[in-house]
Structure formats: C-alpha cells, structure tokens
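S.K.: This is the content of final_26.cif (mmCIF, N, CA and C atoms and all ligand atoms):
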data_query
#
loop_
_atom_site.label_atom_id
_atom_site.label_comp_id
_atom_site.auth_asym_id
_atom_site.auth_seq_id
_atom_site.Cartn_x
_atom_site.Cartn_y
_atom_site.Cartn_z
N MET S 30 0.84 -1.20 0.00
CA MET S 30 0.00 0.00 0.00
C MET S 30 0.87 1.25 0.00
N LYS S 31 1.99 1.19 0.71
CA LYS S 31 2.90 2.34 0.81
C LYS S 31 3.50 2.70 -0.56
N GLU S 32 3.91 1.67 -1.31
CA GLU S 32 4.50 1.92 -2.63
C GLU S 32 3.48 2.55 -3.57
N LEU S 33 2.24 2.07 -3.46
CA LEU S 33 1.16 2.56 -4.30
C LEU S 33 0.94 4.05 -4.06
N ILE S 34 0.96 4.43 -2.79
CA ILE S 34 0.75 5.82 -2.41
C ILE S 34 1.92 6.68 -2.90
N GLU S 35 3.13 6.17 -2.72
CA GLU S 35 4.31 6.93 -3.16
C GLU S 35 4.32 7.13 -4.67
N GLN S 36 3.92 6.08 -5.39
CA GLN S 36 3.84 6.18 -6.86
C GLN S 36 2.90 7.30 -7.27
N GLU S 37 1.73 7.34 -6.62
CA GLU S 37 0.73 8.33 -6.95
C GLU S 37 1.23 9.74 -6.63
N ILE S 38 1.91 9.89 -5.49
CA ILE S 38 2.43 11.20 -5.09
C ILE S 38 3.49 11.68 -6.09
N LEU S 39 4.37 10.77 -6.50
CA LEU S 39 5.42 11.11 -7.47
C LEU S 39 4.79 11.48 -8.81
N ARG S 40 3.72 10.75 -9.15
CA ARG S 40 3.03 11.02 -10.41
C ARG S 40 2.45 12.43 -10.43
N GLN S 41 2.06 12.91 -9.24
CA GLN S 41 1.49 14.26 -9.14
C GLN S 41 2.58 15.34 -9.09
N GLY S 42 3.84 14.92 -9.22
CA GLY S 42 4.94 15.88 -9.33
C GLY S 42 5.55 16.33 -8.02
N TYR S 43 5.27 15.62 -6.92
CA TYR S 43 5.85 16.00 -5.64
C TYR S 43 7.16 15.26 -5.40
N THR S 44 7.98 15.85 -4.52
CA THR S 44 9.16 15.16 -4.02
C THR S 44 8.83 14.69 -2.61
N ILE S 45 9.07 13.41 -2.35
CA ILE S 45 8.73 12.85 -1.04
C ILE S 45 9.87 13.13 -0.05
N LEU S 46 9.55 13.74 1.09
CA LEU S 46 10.56 14.01 2.11
C LEU S 46 10.57 12.91 3.15
N ARG S 47 9.46 12.72 3.82
CA ARG S 47 9.40 11.61 4.77
C ARG S 47 7.96 11.29 5.16
N TRP S 48 7.78 10.08 5.67
CA TRP S 48 6.49 9.65 6.19
C TRP S 48 6.43 10.06 7.64
N LYS S 49 5.26 10.46 8.08
CA LYS S 49 5.12 10.75 9.51
C LYS S 49 3.71 10.39 9.96
N GLU S 50 3.59 10.09 11.23
CA GLU S 50 2.27 9.74 11.76
C GLU S 50 1.75 10.91 12.57
N THR S 51 0.50 11.27 12.32
CA THR S 51 -0.12 12.34 13.11
C THR S 51 -1.25 11.72 13.92
N LEU S 52 -1.49 12.27 15.07
CA LEU S 52 -2.53 11.73 15.94
C LEU S 52 -3.90 11.85 15.31
N LYS S 53 -4.13 12.99 14.68
CA LYS S 53 -5.47 13.27 14.20
C LYS S 53 -5.79 12.56 12.88
N ASP S 54 -4.84 12.57 11.95
CA ASP S 54 -5.16 12.09 10.61
C ASP S 54 -4.43 10.83 10.17
N GLY S 55 -3.74 10.17 11.09
CA GLY S 55 -3.04 8.95 10.71
C GLY S 55 -1.78 9.24 9.93
N TRP S 56 -1.39 8.31 9.06
CA TRP S 56 -0.15 8.45 8.32
C TRP S 56 -0.24 9.49 7.24
N GLY S 57 0.82 10.31 7.17
CA GLY S 57 0.91 11.31 6.12
C GLY S 57 2.30 11.30 5.53
N VAL S 58 2.44 11.95 4.40
CA VAL S 58 3.73 12.04 3.74
C VAL S 58 4.07 13.51 3.56
N GLN S 59 5.22 13.92 4.11
CA GLN S 59 5.66 15.30 3.91
C GLN S 59 6.26 15.38 2.52
N VAL S 60 5.79 16.35 1.76
CA VAL S 60 6.24 16.47 0.37
C VAL S 60 6.61 17.91 0.05
N GLU S 61 7.32 18.05 -1.08
CA GLU S 61 7.73 19.37 -1.54
C GLU S 61 7.43 19.46 -3.02
N LYS S 62 6.94 20.63 -3.43
CA LYS S 62 6.70 20.87 -4.86
C LYS S 62 6.90 22.36 -5.13
N ASP S 63 7.79 22.68 -6.01
CA ASP S 63 8.08 24.08 -6.37
C ASP S 63 8.38 24.95 -5.15
N GLY S 64 9.10 24.40 -4.20
CA GLY S 64 9.49 25.18 -3.02
C GLY S 64 8.44 25.25 -1.93
N PHE S 65 7.29 24.63 -2.12
CA PHE S 65 6.27 24.61 -1.08
C PHE S 65 6.24 23.25 -0.40
N TYR S 66 6.01 23.31 0.90
CA TYR S 66 5.97 22.07 1.68
C TYR S 66 4.56 21.81 2.18
N THR S 67 4.15 20.57 2.11
CA THR S 67 2.82 20.23 2.63
C THR S 67 2.82 18.76 3.05
N THR S 68 1.74 18.33 3.66
CA THR S 68 1.59 16.94 4.05
C THR S 68 0.38 16.36 3.33
N LEU S 69 0.59 15.24 2.66
CA LEU S 69 -0.52 14.54 2.01
C LEU S 69 -0.86 13.35 2.89
N PHE S 70 -2.14 13.16 3.16
CA PHE S 70 -2.52 12.06 4.04
C PHE S 70 -2.78 10.78 3.27
N ALA S 71 -2.24 9.70 3.81
CA ALA S 71 -2.27 8.41 3.12
C ALA S 71 -3.69 8.01 2.73
N ASP S 72 -4.64 8.20 3.65
CA ASP S 72 -6.01 7.80 3.35
C ASP S 72 -6.60 8.59 2.19
N GLU S 73 -6.24 9.87 2.12
CA GLU S 73 -6.76 10.71 1.04
C GLU S 73 -6.16 10.32 -0.30
N VAL S 74 -4.85 10.04 -0.29
CA VAL S 74 -4.20 9.64 -1.54
C VAL S 74 -4.77 8.30 -1.99
N MET S 75 -4.96 7.39 -1.03
CA MET S 75 -5.53 6.07 -1.33
C MET S 75 -6.92 6.22 -1.93
N TYR S 76 -7.67 7.13 -1.37
CA TYR S 76 -9.03 7.39 -1.84
C TYR S 76 -9.02 7.83 -3.31
N GLU S 77 -8.07 8.69 -3.65
CA GLU S 77 -7.95 9.15 -5.04
C GLU S 77 -7.59 7.99 -5.96
N ILE S 78 -6.65 7.15 -5.51
CA ILE S 78 -6.22 6.00 -6.32
C ILE S 78 -7.41 5.06 -6.55
N LEU S 79 -8.15 4.80 -5.48
CA LEU S 79 -9.26 3.85 -5.59
C LEU S 79 -10.38 4.39 -6.46
N LYS S 80 -10.61 5.68 -6.36
CA LYS S 80 -11.64 6.29 -7.20
C LYS S 80 -11.31 6.09 -8.67
N LYS S 81 -10.02 6.27 -8.98
CA LYS S 81 -9.56 6.10 -10.35
C LYS S 81 -9.73 4.65 -10.81
N GLU S 82 -9.32 3.72 -9.93
CA GLU S 82 -9.44 2.30 -10.27
C GLU S 82 -10.89 1.90 -10.48
N LEU S 83 -11.75 2.47 -9.66
CA LEU S 83 -13.16 2.13 -9.69
C LEU S 83 -13.81 2.49 -11.02
N ARG S 84 -13.34 3.60 -11.57
CA ARG S 84 -13.89 4.03 -12.85
C ARG S 84 -13.54 3.02 -13.93
N GLN S 85 -12.45 2.27 -13.71
CA GLN S 85 -11.97 1.36 -14.74
C GLN S 85 -12.55 -0.05 -14.63
N LYS S 86 -13.05 -0.40 -13.47
CA LYS S 86 -13.54 -1.77 -13.34
C LYS S 86 -15.04 -1.79 -13.01
N ASN S 87 -15.65 -2.90 -13.32
CA ASN S 87 -17.07 -3.03 -13.03
C ASN S 87 -17.27 -3.33 -11.55
N ASN S 88 -18.46 -3.04 -11.08
CA ASN S 88 -18.76 -3.35 -9.68
C ASN S 88 -18.70 -4.85 -9.45
N LYS S 89 -17.88 -5.22 -8.49
CA LYS S 89 -17.83 -6.63 -8.15
C LYS S 89 -18.60 -6.84 -6.84
N SER S 90 -18.87 -8.08 -6.52
CA SER S 90 -19.63 -8.32 -5.29
C SER S 90 -18.79 -7.90 -4.09
N ILE S 91 -19.45 -7.40 -3.09
CA ILE S 91 -18.75 -6.87 -1.92
C ILE S 91 -18.48 -7.97 -0.92
N GLU S 92 -17.19 -8.20 -0.69
CA GLU S 92 -16.81 -9.23 0.27
C GLU S 92 -15.77 -8.63 1.20
N LEU S 93 -16.10 -8.57 2.48
CA LEU S 93 -15.19 -7.97 3.45
C LEU S 93 -14.26 -9.01 4.04
N LYS S 94 -12.99 -8.65 4.12
CA LYS S 94 -12.03 -9.53 4.77
C LYS S 94 -12.16 -9.38 6.29
N PRO S 95 -11.66 -10.37 7.05
CA PRO S 95 -11.74 -10.26 8.52
C PRO S 95 -10.95 -9.07 9.03
N CYS S 96 -11.28 -8.66 10.24
CA CYS S 96 -10.63 -7.52 10.90
C CYS S 96 -9.11 -7.70 10.93
N PRO S 97 -8.34 -6.64 10.55
CA PRO S 97 -6.88 -6.75 10.58
C PRO S 97 -6.31 -6.86 11.99
N PHE S 98 -7.11 -6.49 12.99
CA PHE S 98 -6.61 -6.50 14.37
C PHE S 98 -6.93 -7.79 15.11
N CYS S 99 -8.20 -8.23 15.01
CA CYS S 99 -8.60 -9.39 15.81
C CYS S 99 -9.13 -10.54 14.96
N LYS S 100 -9.14 -10.35 13.63
CA LYS S 100 -9.65 -11.37 12.70
C LYS S 100 -11.16 -11.62 12.86
N GLY S 101 -11.83 -10.71 13.53
CA GLY S 101 -13.27 -10.83 13.71
C GLY S 101 -14.02 -10.53 12.42
N GLU S 102 -15.31 -10.79 12.45
CA GLU S 102 -16.14 -10.54 11.28
C GLU S 102 -16.44 -9.05 11.15
N ALA S 103 -16.35 -8.54 9.94
CA ALA S 103 -16.58 -7.11 9.70
C ALA S 103 -17.91 -6.89 9.01
N GLU S 104 -18.50 -5.73 9.23
CA GLU S 104 -19.76 -5.42 8.54
C GLU S 104 -19.73 -4.01 7.99
N LEU S 105 -20.52 -3.81 6.96
CA LEU S 105 -20.64 -2.51 6.30
C LEU S 105 -21.73 -1.72 7.01
N ILE S 106 -21.41 -0.50 7.44
CA ILE S 106 -22.40 0.35 8.09
C ILE S 106 -22.73 1.50 7.14
N GLU S 107 -24.01 1.70 6.87
CA GLU S 107 -24.41 2.75 5.92
C GLU S 107 -25.40 3.69 6.59
N LYS S 108 -25.10 4.97 6.47
CA LYS S 108 -26.02 5.97 7.01
C LYS S 108 -26.21 7.05 5.96
N TYR S 109 -27.35 7.67 6.02
CA TYR S 109 -27.56 8.80 5.12
C TYR S 109 -27.34 10.07 5.91
N ASN S 110 -26.43 10.91 5.41
CA ASN S 110 -26.15 12.17 6.08
C ASN S 110 -27.04 13.25 5.44
N ARG S 111 -28.08 13.63 6.17
CA ARG S 111 -29.06 14.58 5.63
C ARG S 111 -28.47 15.96 5.40
N PHE S 112 -27.56 16.35 6.27
CA PHE S 112 -27.00 17.70 6.18
C PHE S 112 -26.22 17.88 4.88
N TYR S 113 -25.35 16.92 4.59
CA TYR S 113 -24.52 17.03 3.38
C TYR S 113 -25.14 16.30 2.19
N GLU S 114 -26.26 15.61 2.45
CA GLU S 114 -26.95 14.87 1.39
C GLU S 114 -26.03 13.85 0.71
N VAL S 115 -25.31 13.10 1.54
CA VAL S 115 -24.44 12.05 1.00
C VAL S 115 -24.66 10.76 1.79
N GLN S 116 -24.23 9.66 1.20
CA GLN S 116 -24.21 8.39 1.89
C GLN S 116 -22.92 8.34 2.69
N ASP S 117 -23.02 7.97 3.94
CA ASP S 117 -21.85 7.87 4.82
C ASP S 117 -21.66 6.37 5.09
N VAL S 118 -20.60 5.81 4.55
CA VAL S 118 -20.39 4.36 4.65
C VAL S 118 -19.03 4.07 5.28
N PHE S 119 -19.01 3.13 6.22
CA PHE S 119 -17.74 2.67 6.77
C PHE S 119 -17.85 1.21 7.15
N VAL S 120 -16.70 0.59 7.43
CA VAL S 120 -16.68 -0.82 7.83
C VAL S 120 -16.35 -0.88 9.31
N LYS S 121 -17.04 -1.75 10.02
CA LYS S 121 -16.79 -1.88 11.45
C LYS S 121 -16.65 -3.36 11.81
N CYS S 122 -15.72 -3.63 12.72
CA CYS S 122 -15.52 -5.00 13.20
C CYS S 122 -16.56 -5.30 14.27
N LYS S 123 -17.26 -6.42 14.10
CA LYS S 123 -18.30 -6.80 15.07
C LYS S 123 -17.71 -7.21 16.41
N GLU S 124 -16.45 -7.63 16.39
CA GLU S 124 -15.82 -8.13 17.62
C GLU S 124 -15.20 -7.01 18.45
N CYS S 125 -14.24 -6.29 17.85
CA CYS S 125 -13.48 -5.32 18.65
C CYS S 125 -13.89 -3.88 18.37
N GLY S 126 -14.75 -3.66 17.39
CA GLY S 126 -15.22 -2.30 17.13
C GLY S 126 -14.29 -1.44 16.28
N ALA S 127 -13.19 -2.03 15.81
CA ALA S 127 -12.29 -1.26 14.93
C ALA S 127 -13.08 -0.81 13.71
N ARG S 128 -12.82 0.39 13.23
CA ARG S 128 -13.55 0.84 12.06
C ARG S 128 -12.65 1.53 11.05
N SER S 129 -13.13 1.54 9.82
CA SER S 129 -12.40 2.19 8.75
C SER S 129 -12.74 3.68 8.75
N VAL S 130 -12.12 4.42 7.88
CA VAL S 130 -12.54 5.81 7.69
C VAL S 130 -13.92 5.80 7.06
N SER S 131 -14.64 6.89 7.21
CA SER S 131 -15.94 7.03 6.56
C SER S 131 -15.73 7.51 5.13
N VAL S 132 -16.48 6.94 4.23
CA VAL S 132 -16.45 7.45 2.86
C VAL S 132 -17.79 8.10 2.58
N TRP S 133 -17.74 9.33 2.13
CA TRP S 133 -18.96 10.06 1.79
C TRP S 133 -19.08 10.15 0.29
N ASN S 134 -20.21 9.74 -0.21
CA ASN S 134 -20.43 9.89 -1.63
C ASN S 134 -21.92 9.92 -1.88
N LYS S 135 -22.34 10.61 -2.90
CA LYS S 135 -23.76 10.66 -3.22
C LYS S 135 -24.22 9.31 -3.77
N ASN S 136 -23.29 8.58 -4.34
CA ASN S 136 -23.60 7.28 -4.93
C ASN S 136 -23.25 6.16 -3.95
N ILE S 137 -24.26 5.44 -3.49
CA ILE S 137 -24.05 4.40 -2.48
C ILE S 137 -23.14 3.28 -2.99
N GLU S 138 -23.23 2.95 -4.27
CA GLU S 138 -22.38 1.89 -4.83
C GLU S 138 -20.91 2.28 -4.79
N ILE S 139 -20.64 3.52 -5.13
CA ILE S 139 -19.26 4.01 -5.11
C ILE S 139 -18.73 4.00 -3.68
N ALA S 140 -19.55 4.50 -2.76
CA ALA S 140 -19.13 4.56 -1.36
C ALA S 140 -18.84 3.16 -0.82
N ARG S 141 -19.74 2.21 -1.10
CA ARG S 141 -19.55 0.82 -0.64
C ARG S 141 -18.27 0.23 -1.19
N ASN S 142 -18.05 0.41 -2.48
CA ASN S 142 -16.87 -0.16 -3.12
C ASN S 142 -15.58 0.43 -2.59
N LEU S 143 -15.57 1.75 -2.43
CA LEU S 143 -14.36 2.40 -1.94
C LEU S 143 -14.00 1.93 -0.54
N VAL S 144 -15.00 1.91 0.32
CA VAL S 144 -14.73 1.60 1.71
C VAL S 144 -14.35 0.12 1.86
N THR S 145 -14.96 -0.73 1.07
CA THR S 145 -14.64 -2.16 1.11
C THR S 145 -13.21 -2.39 0.64
N ASP S 146 -12.86 -1.71 -0.44
CA ASP S 146 -11.51 -1.84 -0.99
C ASP S 146 -10.46 -1.37 0.02
N MET S 147 -10.74 -0.24 0.67
CA MET S 147 -9.80 0.29 1.65
C MET S 147 -9.63 -0.67 2.83
N TRP S 148 -10.75 -1.19 3.29
CA TRP S 148 -10.73 -2.13 4.43
C TRP S 148 -9.96 -3.39 4.05
N ASN S 149 -10.25 -3.93 2.89
CA ASN S 149 -9.62 -5.18 2.48
C ASN S 149 -8.12 -5.02 2.25
N ARG S 150 -7.71 -3.87 1.77
CA ARG S 150 -6.28 -3.64 1.59
C ARG S 150 -5.59 -3.56 2.95
N ARG S 151 -6.24 -2.90 3.90
CA ARG S 151 -5.66 -2.79 5.24
C ARG S 151 -5.59 -4.17 5.90
N ALA S 152 -6.61 -4.98 5.64
CA ALA S 152 -6.66 -6.32 6.24
C ALA S 152 -5.50 -7.19 5.78
N THR S 153 -4.96 -6.88 4.60
CA THR S 153 -3.86 -7.71 4.09
C THR S 153 -2.51 -7.01 4.28
N ASP S 154 -2.53 -5.79 4.81
CA ASP S 154 -1.30 -5.04 5.05
C ASP S 154 -0.47 -5.73 6.12
N GLU S 155 0.82 -5.76 5.90
CA GLU S 155 1.70 -6.43 6.87
C GLU S 155 2.21 -5.47 7.93
N VAL S 156 1.92 -4.19 7.79
CA VAL S 156 2.46 -3.17 8.71
C VAL S 156 1.99 -3.42 10.14
ZN ZN N 201 -11.63 -6.59 15.24
#
I need this file expressed as structure tokens, please.
M.R.:
Amino acid sequence: MKELIEQEILRQGYTILRWKETLKDGWGVQVEKDGFYTTLFADEVMYEILKKELRQKNNKSIELKPCPFCKGEAELIEKYNRFYEVQDVFVKCKECGARSVSVWNKNIEIARNLVTDMWNRRATDEV
C-alpha cells in the first residue's frame, strides 16, 4: 500500500521528504513541490487512487475480509447524512469495534466499493 501511495504522489509531481504519523489524521507524507511544503494524508491519496481504479472496473460483489486487528467478522455500516446529502459508509468490526474511515459519496455503490476496498487492503497489510 505504501508503494502505491508513493507512486501516486510522485506522479502528481511531488518530491517525497518523509512519512510521519499524526494523531489526528493517521499516516501522512511530507512532500515538496516548487518550493512549497505540505503533508498529504495516506487515506486521502488512497481514496484518489481507488476512485480512479473504480472508474476502470465493473462493480464486483462486496466481500469484506476479517478484521486486521482481531480477525473478527466485519460489517458494512451505511447511514444517510441529511445535512450534506451524502451516503456515509464505513466498515466496522463486530468483535473489537475497529472501524475504517468514513467514505462520503452521493452514490451508495461508489461509497460501498471504496470503503470495502480500503478495508480489504488494510486487512492484508503487513504493517
Ligand atoms: Zn476486530
């Protein structure tokens, strides 16, 4: 997953300085472009990559891998956010309560696919 994110960042023309973990937003990458410094967050970059991939492939059936922490069964939680008028979808472990980031999208299919893909990639991550 890390290589995938770095590839995408390089493709966008940034120079990678270092990876760092922040309490609030998880893993980020400090980058430089044209003399400006900023931090790109891994989840956001991943989201962009997955959105792109999704446009290229057909919807496949949704199958969640077990929780990366406790191997418990995971479930898809879907809520409608009336204020922003979007579907709010995330994956939650039935055993330990670990959850993925929320994906907001007006299209429920896109939201489901994105969040499932993110969860399943994390479930197979060796980090
Ligand atoms: Zn769990």
S.K.: Can you check which parts of chain S lie within 8 Å of ligand ZN 201 (chain N)? Per residue, the shortest pair of atoms and distance in Å to one decimal, counting all atoms listed in the file, sorted by chain and number, as CSV.
M.R.:
residue,atom,partner,partner_atom,distance
S:Pro95,C,N:ZN201,ZN,6.7
S:Cys96,CA,N:ZN201,ZN,4.5
S:Pro97,N,N:ZN201,ZN,5.7
S:Phe98,C,N:ZN201,ZN,4.9
S:Cys99,N,N:ZN201,ZN,3.8
S:Lys100,N,N:ZN201,ZN,4.8
S:Gly101,N,N:ZN201,ZN,4.5
S:Glu102,N,N:ZN201,ZN,6.2
S:Ala103,N,N:ZN201,ZN,7.4
S:Lys121,C,N:ZN201,ZN,6.9
S:Cys122,CA,N:ZN201,ZN,4.7
S:Lys123,N,N:ZN201,ZN,5.7
S:Glu124,C,N:ZN201,ZN,4.8
S:Cys125,N,N:ZN201,ZN,3.7
S:Gly126,N,N:ZN201,ZN,4.8
S:Ala127,N,N:ZN201,ZN,4.9
S:Arg128,N,N:ZN201,ZN,7.4
S.K.: What parts of chain S does DSSP call helix (DSSP H, G or I)? I'd like the answer as a count of residues only.
M.R.: 42
S.K.: Please compute the CA of Glu77 (chain S)-atom N of Arg151 (chain S) distance, one decimal, in Å.
M.R.: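 Distance reported for this atom pair: 15.1 Å.
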S.K.: For atom C of Val118 (chain S) and atom N of Ser131 (chain S), determine how far apart the two atoms are, in Å to one decimal place.
M.R.: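 According to the coordinates, atom C of Val118 (chain S) and atom N of Ser131 (chain S) are separated by 5.6 Å.
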S.K.: Nearest to Leu33 (chain S) among S:Trp148, S:Thr153, S:Val60, S:Ala71, with distances taken over only C-alpha atoms: which residue is it?
M.R.: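 Using only C-alpha atoms, Leu33 (chain S) sits closest to S:Ala71.
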S.K.: To one decimal in Å, tell me the separation between CA of Tyr113 (chain S) and atom C of Asp146 (chain S).
M.R.: 23.4 Å
S.K.: Residues at most 7 Å from Tyr43 (chain S), counting only N, CA and C atoms, excluding those fewer than 4 positions away in the same chain, as a list of chain:residue names?
M.R.: S:Ile38, S:Leu39, S:Val60, S:Glu61, S:Lys62, S:Asp63
S.K.: Determine the nearest neighbour of Glu73 (chain S) from the options S:Ala140, S:Gly42, S:Asp54, S:Asn134, counting only C-alpha atoms.
M.R.: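 Among S:Ala140, S:Gly42, S:Asp54, S:Asn134, it is S:Asp54 that comes nearest to Glu73 (chain S).
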S.K.: Among chain S, which residues carry a DSSP assignment of strand (DSSP E), reported as a ChimeraX atom specification?
M.R.: /S:44-51,55-62,65-70,103-110,115-122,132-134
S.K.: Considering only C-alpha atoms, state which residue in the set S:Lys108, S:Lys94, S:Lys49, S:Arg40 is at the smallest distance from Lys135 (chain S).
M.R.: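 Using only C-alpha atoms, the shortest distance to Lys135 (chain S) belongs to S:Lys108.
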S.K.: Adding 5 Å on each side of the box along x, y and z that holds all listed atoms of region 107-123 of chain S, could you give its centre and edge lengths in Å to one decimal, as lines of an AutoDock Vina configuration file?
M.R.:
center_x = -22.3
center_y = 5.3
center_z = 8.6
size_x = 23.5
size_y = 35.1
size_z = 25.7
